[in-house]
Structures are given as C-alpha cells and as structure tokens.
$ cat model.txt   # compact mmCIF, C-alpha atoms and all ligand atoms
# COMPACT_ATOMS: atom_id res chain seq x y z
CA MET W 1 46.18 9.61 95.81
CA ILE W 2 44.54 12.54 97.57
CA SER W 3 41.10 11.17 96.85
CA PHE W 4 41.70 8.07 99.01
CA LEU W 5 42.41 10.35 101.98
CA THR W 6 39.36 12.45 101.13
CA GLN W 7 37.01 9.52 100.74
CA GLN W 8 38.34 7.07 103.34
CA SER W 9 36.18 8.27 106.24
CA GLU W 10 33.02 8.03 104.08
CA LEU W 11 33.45 4.46 102.87
CA LYS W 12 31.00 1.77 103.92
CA SER W 13 33.84 -0.24 105.45
CA GLN W 14 33.80 2.27 108.33
CA ILE W 15 31.21 -0.02 109.92
CA LEU W 16 34.25 -2.17 110.77
CA GLU W 17 35.35 -0.51 114.00
CA GLY W 18 37.56 -1.33 116.96
CA ARG W 19 40.21 -4.01 117.32
CA TYR W 20 37.85 -7.01 117.57
CA ILE W 21 36.98 -7.85 113.95
CA THR W 22 35.30 -11.25 113.57
CA TYR W 23 33.82 -13.29 110.74
CA PRO W 24 30.18 -12.07 111.07
CA LYS W 25 31.40 -8.50 110.48
CA ILE W 26 33.14 -9.57 107.26
CA GLU W 27 30.12 -11.64 106.26
CA SER W 28 27.93 -8.52 106.45
CA LEU W 29 30.01 -6.90 103.66
CA LEU W 30 30.38 -9.91 101.34
CA ASN W 31 27.40 -9.10 99.14
CA ASP W 32 28.99 -5.82 98.04
CA PHE W 33 31.62 -7.83 96.15
CA ASN W 34 32.03 -10.78 93.84
CA HIS W 35 32.75 -13.38 96.54
CA LYS W 36 33.23 -17.11 96.81
CA GLN W 37 33.86 -19.49 99.68
CA VAL W 38 37.24 -21.12 99.05
CA GLY W 39 37.81 -22.97 102.30
CA THR W 40 36.78 -23.72 105.85
CA SER W 41 38.62 -23.02 109.09
CA ALA W 42 39.58 -25.73 111.59
CA LYS W 43 36.34 -25.03 113.50
CA GLY W 44 34.20 -24.83 110.39
CA LEU W 45 33.94 -21.10 109.66
CA PRO W 46 33.95 -20.10 105.98
CA VAL W 47 37.02 -18.55 104.33
CA HIS W 48 36.10 -16.33 101.40
CA VAL W 49 37.92 -14.71 98.52
CA LEU W 50 36.67 -11.43 97.05
CA THR W 51 37.50 -10.69 93.40
CA MET W 52 37.59 -7.22 91.80
CA GLY W 53 38.44 -6.11 88.28
CA ASN W 54 39.41 -8.13 85.23
CA GLY W 55 42.66 -6.46 84.18
CA PRO W 56 45.86 -8.32 83.25
CA ILE W 57 47.90 -7.70 86.45
CA LYS W 58 46.92 -10.15 89.16
CA VAL W 59 47.37 -9.20 92.82
CA LEU W 60 46.61 -11.64 95.64
CA MET W 61 46.10 -10.21 99.14
CA TRP W 62 45.22 -11.87 102.42
CA SER W 63 44.59 -10.41 105.86
CA GLN W 64 44.13 -11.69 109.42
CA MET W 65 46.11 -14.89 108.97
CA HIS W 66 46.93 -13.85 112.53
CA GLY W 67 43.47 -13.58 114.09
CA ASN W 68 44.20 -10.67 116.43
CA GLU W 69 45.68 -8.47 113.68
CA SER W 70 42.65 -6.62 112.39
CA THR W 71 43.90 -3.17 111.35
CA SER W 72 44.92 -4.30 107.89
CA THR W 73 41.55 -6.05 107.42
CA LYS W 74 39.75 -2.76 108.05
CA GLY W 75 42.23 -0.84 105.91
CA ILE W 76 42.10 -3.24 102.98
CA MET W 77 38.30 -3.18 102.98
CA ASP W 78 38.57 0.63 102.81
CA VAL W 79 40.74 0.17 99.71
CA LEU W 80 38.28 -2.23 98.09
CA TYR W 81 35.35 0.16 98.62
CA PHE W 82 37.51 3.00 97.33
CA LEU W 83 38.34 1.03 94.17
CA LYS W 84 34.67 0.20 93.75
CA ALA W 85 33.90 3.93 93.81
CA ASN W 86 36.85 4.73 91.50
CA PRO W 87 36.87 1.87 88.96
CA ARG W 88 39.35 3.62 86.65
CA LEU W 89 42.14 2.84 89.16
CA LEU W 90 41.19 -0.81 88.98
CA THR W 91 41.42 -1.09 85.17
CA PRO W 92 44.91 -2.67 85.03
CA PHE W 93 44.18 -5.19 87.79
CA THR W 94 42.44 -8.32 88.86
CA ILE W 95 42.53 -8.36 92.66
CA GLN W 96 41.76 -11.33 94.85
CA LEU W 97 41.47 -10.69 98.59
CA ILE W 98 41.03 -13.19 101.40
CA PRO W 99 39.85 -10.69 104.04
CA MET W 100 40.05 -13.13 106.96
CA LEU W 101 42.21 -16.22 106.53
CA ASN W 102 41.99 -17.21 110.22
CA PRO W 103 38.39 -16.62 111.39
CA ASP W 104 38.80 -18.93 114.42
CA GLY W 105 41.78 -16.90 115.64
CA ALA W 106 39.79 -13.72 114.98
CA ALA W 107 36.91 -15.00 117.17
CA ALA W 108 39.27 -16.01 119.99
CA TYR W 109 41.46 -12.90 119.44
CA THR W 110 44.60 -15.03 119.09
CA ARG W 111 47.51 -14.97 116.67
CA VAL W 112 47.23 -18.74 116.10
CA ASN W 113 44.37 -20.78 114.62
CA ALA W 114 42.05 -23.11 116.55
CA ASN W 115 44.77 -25.83 116.56
CA ALA W 116 47.24 -23.36 118.14
CA ILE W 117 49.30 -23.24 114.94
CA ASP W 118 50.85 -20.01 113.64
CA LEU W 119 49.72 -20.09 110.00
CA ASN W 120 52.69 -17.91 109.05
CA ARG W 121 55.05 -20.70 110.13
CA ASP W 122 53.17 -23.43 108.27
CA ALA W 123 54.23 -22.75 104.67
CA GLN W 124 56.33 -25.92 104.38
CA GLN W 125 54.25 -28.37 106.43
CA GLN W 126 50.90 -27.01 105.24
CA SER W 127 49.30 -28.85 108.13
CA GLN W 128 46.27 -26.57 108.60
CA PRO W 129 43.10 -26.13 106.53
CA GLU W 130 43.63 -22.35 106.37
CA THR W 131 47.18 -22.76 104.99
CA LEU W 132 45.94 -25.24 102.39
CA THR W 133 43.23 -22.75 101.39
CA LEU W 134 45.78 -19.97 100.86
CA PHE W 135 48.03 -22.19 98.73
CA LYS W 136 45.05 -23.46 96.74
CA VAL W 137 44.02 -19.86 95.94
CA TYR W 138 47.65 -18.97 95.08
CA ASP W 139 48.02 -21.96 92.73
CA ALA W 140 44.71 -21.33 90.97
CA PHE W 141 45.15 -17.54 90.61
CA GLN W 142 48.90 -17.51 89.83
CA PRO W 143 49.30 -13.93 91.03
CA ASP W 144 51.86 -11.45 89.69
CA TYR W 145 52.13 -9.87 93.16
CA CYS W 146 51.26 -10.89 96.73
CA PHE W 147 50.39 -8.55 99.61
CA ASN W 148 50.64 -10.26 103.02
CA LEU W 149 48.76 -8.05 105.51
CA HIS W 150 49.47 -7.91 109.26
CA ASP W 151 49.61 -5.84 112.47
CA GLN W 152 52.73 -5.45 114.58
CA ARG W 153 52.94 -4.92 118.36
CA THR W 154 53.40 -1.53 120.03
CA ILE W 155 57.07 -2.30 120.78
CA PHE W 156 58.52 -1.17 117.46
CA GLY W 157 60.20 2.12 116.75
CA VAL W 158 62.25 3.65 113.96
CA ASP W 159 65.11 5.73 115.26
CA ASP W 160 63.45 7.82 117.99
CA ASN W 161 59.94 7.65 116.59
CA PRO W 162 57.13 5.13 116.89
CA CYS W 163 56.84 2.86 113.87
CA MET W 164 53.34 3.38 112.44
CA LEU W 165 53.92 1.19 109.39
CA SER W 166 56.60 -1.25 108.40
CA TYR W 167 57.26 -3.25 105.26
CA LEU W 168 59.40 -6.12 104.13
CA SER W 169 60.42 -7.61 100.84
CA PRO W 170 61.10 -11.06 102.32
CA ALA W 171 64.26 -12.96 101.48
CA ALA W 172 63.90 -15.75 98.91
CA ASP W 173 66.90 -17.74 100.18
CA ALA W 174 69.29 -17.91 103.14
CA ASP W 175 71.80 -15.68 101.32
CA LYS W 176 69.12 -12.97 101.04
CA SER W 177 69.82 -12.76 97.29
CA ILE W 178 68.20 -9.87 95.44
CA THR W 179 66.11 -11.97 93.08
CA LYS W 180 64.01 -10.33 90.37
CA ALA W 181 60.85 -10.83 92.45
CA ARG W 182 62.50 -9.46 95.56
CA GLU W 183 63.76 -6.41 93.71
CA GLN W 184 60.27 -5.66 92.39
CA ALA W 185 58.78 -5.91 95.88
CA MET W 186 61.57 -3.62 97.16
CA GLY W 187 60.71 -1.19 94.36
CA ILE W 188 57.06 -1.00 95.43
CA ILE W 189 58.04 -0.47 99.07
CA GLY W 190 60.50 2.25 98.03
CA HIS W 191 57.66 4.01 96.20
CA MET W 192 55.20 3.64 99.10
CA ASN W 193 57.79 5.02 101.51
CA GLU W 194 58.40 8.09 99.34
CA GLN W 195 54.66 8.81 99.36
CA LEU W 196 54.28 8.20 103.10
CA GLN W 197 57.26 10.35 104.09
CA GLN W 198 55.36 13.38 102.77
CA HIS W 199 52.64 12.76 105.36
CA ILE W 200 54.04 10.73 108.28
CA PRO W 201 57.79 11.48 108.18
CA ASN W 202 60.14 9.13 110.07
CA GLN W 203 57.40 6.71 111.11
CA VAL W 204 57.99 4.05 108.43
CA GLY W 205 60.32 1.12 109.01
CA ARG W 206 61.79 -1.89 107.26
CA TYR W 207 61.24 -5.26 108.89
CA ASP W 208 63.97 -7.82 109.60
CA ASP W 209 64.72 -9.90 106.48
CA THR W 210 66.09 -13.12 108.02
CA TYR W 211 65.02 -15.93 105.68
CA ASN W 212 62.45 -18.37 107.05
CA PRO W 213 60.98 -20.78 104.47
CA ASN W 214 58.15 -21.57 106.92
CA CYS W 215 56.86 -18.03 106.46
CA VAL W 216 54.34 -17.71 103.65
CA GLY W 217 55.87 -14.51 102.25
CA ASP W 218 59.38 -16.00 102.02
CA CYS W 219 57.87 -19.07 100.35
CA PHE W 220 55.97 -17.11 97.66
CA GLN W 221 58.98 -14.86 97.09
CA ALA W 222 61.10 -17.99 96.57
CA LYS W 223 58.55 -19.20 94.03
CA GLY W 224 59.25 -15.98 92.07
CA THR W 225 56.15 -13.93 92.99
CA PRO W 226 57.06 -10.44 94.25
CA THR W 227 55.64 -10.44 97.78
CA ILE W 228 55.30 -7.62 100.29
CA LEU W 229 54.75 -7.91 104.02
CA PHE W 230 52.68 -4.99 105.33
CA GLU W 231 52.73 -4.42 109.12
CA CYS W 232 50.29 -1.95 110.67
CA GLY W 233 51.96 -0.50 113.75
CA HIS W 234 51.26 1.88 116.55
CA SER W 235 51.67 5.57 117.22
CA GLY W 236 50.76 7.79 120.19
CA GLN W 237 47.52 6.93 121.99
CA ASP W 238 45.81 5.55 118.87
CA TYR W 239 44.95 2.14 120.39
CA ALA W 240 42.08 1.79 117.94
CA ARG W 241 44.73 2.26 115.20
CA ALA W 242 42.40 4.51 113.21
CA THR W 243 45.29 6.69 111.98
CA THR W 244 47.38 3.65 111.09
CA ARG W 245 44.41 2.23 109.17
CA LYS W 246 44.19 5.39 107.06
CA TRP W 247 47.88 5.49 106.15
CA PHE W 248 48.00 1.75 105.55
CA GLY W 249 45.15 2.09 103.03
CA PHE W 250 46.90 5.05 101.43
CA SER W 251 50.03 2.94 101.05
CA VAL W 252 48.15 0.06 99.37
CA VAL W 253 46.70 2.52 96.85
CA ALA W 254 50.24 3.87 96.35
CA ALA W 255 51.47 0.31 95.73
CA LEU W 256 48.82 -0.25 93.06
CA ASN W 257 49.74 3.09 91.44
CA CYS W 258 53.40 2.05 91.48
CA ILE W 259 52.63 -1.20 89.66
CA ALA W 260 50.20 0.41 87.19
CA ASN W 261 52.58 3.27 86.31
CA ASN W 262 55.81 1.26 86.52
CA VAL W 263 57.50 3.60 88.99
CA PHE W 264 59.40 1.04 91.08
CA LYS W 265 62.04 2.53 93.42
CA PRO W 266 64.20 -0.42 94.56
CA LYS W 267 67.16 1.80 95.52
CA ALA W 268 64.93 3.77 97.90
CA TYR W 269 64.24 0.57 99.86
CA ASP W 270 67.65 0.45 101.51
CA SER W 271 67.27 3.98 102.85
CA ILE W 272 64.29 2.95 105.01
CA PRO W 273 65.52 2.43 108.59
CA GLU W 274 65.14 -1.02 110.16
CA VAL W 275 62.57 -1.34 112.92
CA GLU W 276 63.86 -1.74 116.47
CA LYS W 277 62.22 -3.15 119.59
CA SER W 278 62.60 0.16 121.39
CA TYR W 279 59.12 1.12 122.65
CA VAL W 280 56.85 0.30 125.56
CA ASP W 281 53.33 1.59 126.11
CA ILE W 282 54.06 3.69 129.20
CA LEU W 283 57.22 4.85 130.95
CA ILE W 284 56.93 6.27 134.45
CA HIS W 285 59.96 8.19 135.72
CA HIS W 286 60.94 9.21 139.27
CA VAL W 287 59.02 6.45 141.02
CA PRO W 288 59.91 6.35 144.75
CA TYR W 289 61.56 2.97 145.38
CA GLN W 290 63.17 2.10 148.74
CA VAL W 291 65.60 4.98 149.32
CA THR W 292 65.94 5.97 145.67
CA GLN W 293 63.89 6.58 142.53
CA ILE W 294 63.52 4.30 139.51
CA SER W 295 61.66 4.18 136.23
CA LEU W 296 58.92 1.69 135.42
CA ALA W 297 58.05 0.41 131.96
CA VAL W 298 54.47 -0.73 131.45
CA GLN W 299 53.19 -2.85 128.60
CA TYR W 300 49.50 -3.40 127.86
CA GLN W 301 48.28 -6.98 127.51
CA GLU W 302 45.36 -7.24 125.12
CA LYS W 303 42.51 -9.34 126.49
CA LEU W 304 39.16 -10.24 125.00
CA ILE W 305 36.52 -9.45 127.65
CA SER W 306 32.80 -9.28 126.83
CA GLU W 307 33.34 -8.91 123.07
CA LYS W 308 35.74 -6.00 123.57
CA ILE W 309 39.51 -5.80 123.64
CA THR W 310 40.77 -4.52 126.97
CA PHE W 311 44.33 -3.30 127.39
CA GLU W 312 45.56 -4.42 130.81
CA PRO W 313 48.75 -2.84 132.13
CA THR W 314 51.55 -5.17 133.22
CA LEU W 315 55.04 -4.39 134.45
CA HIS W 316 57.58 -4.78 131.63
CA SER W 317 60.76 -3.75 133.48
CA LYS W 318 62.06 -1.42 136.15
CA GLY W 319 65.30 0.36 136.94
CA ASP W 320 67.25 2.79 134.81
CA LEU W 321 65.27 2.66 131.57
CA SER W 322 66.89 5.54 129.73
CA GLN W 323 67.31 3.34 126.62
CA LEU W 324 63.56 2.87 126.20
CA ASN W 325 61.03 5.02 124.39
CA ALA W 326 57.33 5.03 125.21
CA HIS W 327 54.03 6.02 123.65
CA LYS W 328 53.25 7.84 126.90
CA ILE W 329 55.78 9.21 129.39
CA ILE W 330 54.78 10.22 132.92
CA ASP W 331 57.03 12.06 135.35
CA LEU W 332 55.90 11.25 138.89
CA ASN W 333 57.65 14.36 140.21
CA LYS W 334 54.57 16.15 138.93
CA TYR W 335 52.33 13.99 141.13
CA LYS W 336 53.65 14.65 144.62
CA THR W 337 50.90 12.78 146.40
CA VAL W 338 51.37 9.41 144.66
CA ASN W 339 52.93 6.63 146.74
CA PHE W 340 54.28 3.49 145.14
CA ASP W 341 53.90 0.25 147.10
CA THR W 342 56.81 -2.00 146.16
CA SER W 343 55.58 -5.28 147.68
CA ASP W 344 53.73 -6.47 144.55
CA ASP W 345 54.97 -4.92 141.31
CA THR W 346 52.02 -5.64 139.04
CA ALA W 347 49.40 -4.70 141.62
CA ALA W 348 51.35 -1.55 142.44
CA VAL W 349 51.63 -0.57 138.78
CA ARG W 350 47.90 -1.04 138.28
CA LYS W 351 47.12 0.98 141.39
CA LEU W 352 49.44 3.72 140.21
CA LEU W 353 47.92 3.83 136.74
CA LYS W 354 44.45 3.92 138.27
CA LEU W 355 45.48 6.98 140.24
CA LEU W 356 46.78 8.50 137.03
CA ASP W 357 43.59 7.49 135.21
CA LEU W 358 45.45 5.20 132.78
CA THR W 359 44.04 1.84 133.88
CA HIS W 360 43.09 0.48 130.50
CA TYR W 361 41.67 1.22 127.12
CA SER W 362 38.88 -0.76 125.55
CA HIS W 363 38.28 -1.16 121.84
ZN ZN Z 1 51.06 -11.09 111.81

$ encode --input "model.txt" --output "structure tokens" --more "lines below"
Ligand SMILES: [Zn+2]
Amino acid sequence: MISFLTQQSELKSQILEGRYITYPKIESLLNDFNHKQVGTSAKGLPVHVLTMGNGPIKVLMWSQMHGNESTSTKGIMDVLYFLKANPRLLTPFTIQLIPMLNPDGAAAYTRVNANAIDLNRDAQQQSQPETLTLFKVYDAFQPDYCFNLHDQRTIFGVDDNPCMLSYLSPAADADKSITKAREQAMGIIGHMNEQLQQHIPNQVGRYDDTYNPNCVGDCFQAKGTPTILFECGHSGQDYARATTRKWFGFSVVAALNCIANNVFKPKAYDSIPEVEKSYVDILIHHVPYQVTQISLAVQYQEKLISEKITFEPTLHSKGDLSQLNAHKIIDLNKYKTVNFDTSDDTAAVRKLLKLLDLTHYSH
C-alpha cells in the first residue's frame, strides 16, 4: 500500500494534468497497454478498453462517462501504471478499463454526451452509442466486480469537513435490499474507508443510496455484479484535485487488495457518514449591505475557455449563512477599505473577489 504513495508522483500517467482531459491525451498512452477499440462516440471518437493481467478475478472499470469528471481518469491511469510496475499485485486479476467512455463530453467539458444525454441515466433505454458500448463490454467480459468512476462537485461535506472522496454500494432494488452483490461492494468500501481514515480522517463519505434503475451502477448491482461508485471530491484550494487523485488511486489499490486477500468489511460501511450538500467555494462574512452586514456565498462555475478550465465566481446566496461551510472563508472586517456595491450582485461579487485576488483559478 505504501508503495503506491511512494511511486504515484513518478508514474508516466503524470503527463495527464489539469481538469481538462480529452481523448488525444488518452490516445497518447494507449500503446503502453493491451488496448482495443470497442465503440465509437456519437460524434465518432473512439472508445477503447485497456486489458491488464490474466488472473481469475475479473474487474471492469470505466471513467469519464461524465465528460467533465476527469480526476478519476487520471487516478485510474496512475493505478494501471503502478500495476504495470508491480505485476505481482495484478496476479489474481484480469482488469478491463474504459478510460474515457464519453470522449465527446470530455472535449466539450460537459457531463452529458454530444446528444445531451446523461449516460448514467440511460441504463434502461440504452439510447446512446456510449451506453451500448459499456453494456457490450460488460456482457462479453462478465465481470466479478464493477468500479464506476466519477467526480463530485465542491458542494459536498461530511460532518464539518470537506468530502474528498465518497463511495456508494448502489441499491439493487427499491427496498434497498442487502443482496449478496451489494454486501460485497459494501465490504470493499468498508475496507477502503479503514485504510483512508489513517491518512485523511473524516474526509470520506457515503453517497445517497436511493434506487434508480436508470443508473448504470444500480443496474449492474441488480444483475448481481458487486458494483462500487467512486466519487472524487474536493478539499481546500486543490482545484486541480491533485491530492484527491492520489488518495483515490490509493483507495483503488486498497480495493484490489481487499478482493485479493478476502478482507471485506461490510459492517464498517454503515459507520461511514452520509455526504451532505453543505459546502460552497467561498464564504465572505461581514459584507456591508444597506445599513447592516450580511454574508455572501460564492460558487465557482467551471467554464472551458481556450483549452483551459476557468473557475468563474457566481453568487450562490446571501444573508445569514451560518449553516454553510466553505473551502475558503473571508472576513471582510479585516479589509476595512473594501466597499460592496449592492446594485448588481454578481458584478459586485466579482469586483470584490478581484480586490481580494480571488477572481478565478485556471486548470
Ligand atoms: Zn459523474
């Protein structure tokens, strides 16, 4: 386990940098692996599967089914290069990875595909070429486990901490029955959480388990394949999500160790706190407003500008915001000279943040 942390920063996958990860970047790494084109996106970009190992336990993983969720793509490529360098860990497994299921969404930096469909709500209709590709790979491979890899927004917290990583063993039916598959997925998450708590205490959450058969994870779980949703989240000012990437990769290696060594911890799953929508990017307190003072909550909007992702501040809410947490908190009492113009909220917020040198981040 330690060796992943030691080696992560040296792996070739480090050429994948920033939030904007597109198909050409994946294509440049394909020749390092046994790879095969298994489908084509709505706009004609290739969808590939990478295969590693030839052991008896089959694990299917896919990333970037939401095109603007790239942290897990970078992290899972770290894991693949790590396994390549440490083949002994791979012995029990055959791994198939679709590193970018939605290359059109990745190019446009959107959640949806080129037909504006959320592929993770298309499991029943299977109306999109990318969804059909995923199900074709699933049917042919018949995996023993599925890892469904995503990013979550900055809004999630666990208790009073930011949620850096969250996990879900999706429900397999509306009653949320603990099926055998679901229990196994819970057991892997319980193990990952125990490992992570030693390094990033109180920053791991459990995602909402409302059953939705249109979600791919719920669908595979219902078919009897233990399936885990991985969500890379946000912490502090790490808008590149480099720290999240590291601990996500660590947790995937922990998951493989759990399966290989049969150390499932299903009871530990329930002790993981549920994620809450409790965070904004910036909270500004003591803002002069008419004859009183208020707080402002600011949320970044991610925009693709000149091949970079720019984080543009927008007003989320104002008033008494004592219930909210934030990744950055500013007390305007410390900035006596700042005036807040209340005629246009968004413009005023941007002007204020410019004065405070917090206009935007680019990645
Ligand atoms: Zn997602």

$ closest_residue --input "model.txt" --among "W:Val59, W:Leu332, W:Cys163, W:Ile155" --to "Pro226 of chain W" --atoms "all atoms listed in the file"
W:Val59

$ atom_distance --input "model.txt" --atom1 "atom CA of Tyr269 of chain W" --atom2 "atom CA of Ala185 of chain W"
9.4 Å

$ residues_around --input "model.txt" --residues "Phe135 of chain W" --least-positions-apart "5" --cutoff "9 Å" --atoms "only C-alpha atoms" --output "PDB file with C-alpha atoms, in the frame of the given file"
ATOM      1  CA  ALA W 123      54.230 -22.750 104.670  1.00  0.00           C
ATOM      2  CA  GLN W 126      50.900 -27.010 105.240  1.00  0.00           C
ATOM      3  CA  GLU W 130      43.630 -22.350 106.370  1.00  0.00           C
ATOM      4  CA  ALA W 140      44.710 -21.330  90.970  1.00  0.00           C
TER       5      ALA W 140
END

$ atom_distance --input "model.txt" --atom1 "atom CA of Thr227 of chain W" --atom2 "atom CA of Ile189 of chain W"
10.3 Å

$ closest_atom_pairs --input "model.txt" --of "chain W" --to "ligand ZN 1 (chain Z)" --cutoff "6 Å" --atoms "only C-alpha atoms and all ligand atoms" --output "Markdown table"
| residue | atom | partner | partner_atom | distance |
| --- | --- | --- | --- | --- |
| W:His66 | CA | Z:ZN1 | ZN | 5.0 |
| W:His150 | CA | Z:ZN1 | ZN | 4.4 |
| W:Asp151 | CA | Z:ZN1 | ZN | 5.5 |

$ atom_distance --input "model.txt" --atom1 "atom CA of Asn115 of chain W" --atom2 "atom CA of Gly39 of chain W"
16.1 Å

$ residues_near_point --input "model.txt" --point "(61.4, -9.8, 103.6)" --cutoff "8 Å" --atoms "only C-alpha atoms" --output "number ranges by chain"
W: 167-172, 207-211, 217-218, 228-229

$ residues_around --input "model.txt" --residues "segment 298-312 of chain W" --least-positions-apart "6" --cutoff "10 Å" --atoms "all atoms listed in the file" --output "ChimeraX atom specification"
/W:18-22,68,107-110,154-155,239-240,279-284,318,326,328,346,349-350,353,358-363

$ closest_residue --input "model.txt" --among "W:Lys84, W:Lys351, W:Arg206, W:Lys58" --to "Asp32 of chain W" --atoms "all atoms listed in the file"
W:Lys84

$ closest_residue --input "model.txt" --among "W:Asn102, W:Ser13, W:Gln96, W:Ser28" --to "Tyr138 of chain W" --atoms "all atoms listed in the file"
W:Gln96

$ closest_residue --input "model.txt" --among "W:Leu29, W:Leu50, W:Ala260, W:Val112" --to "Arg88 of chain W" --atoms "only C-alpha atoms"
W:Ala260

$ closest_residue --input "model.txt" --among "W:Cys215, W:Asp139, W:Pro273, W:Ala174" --to "Asn202 of chain W" --atoms "all atoms listed in the file"
W:Pro273
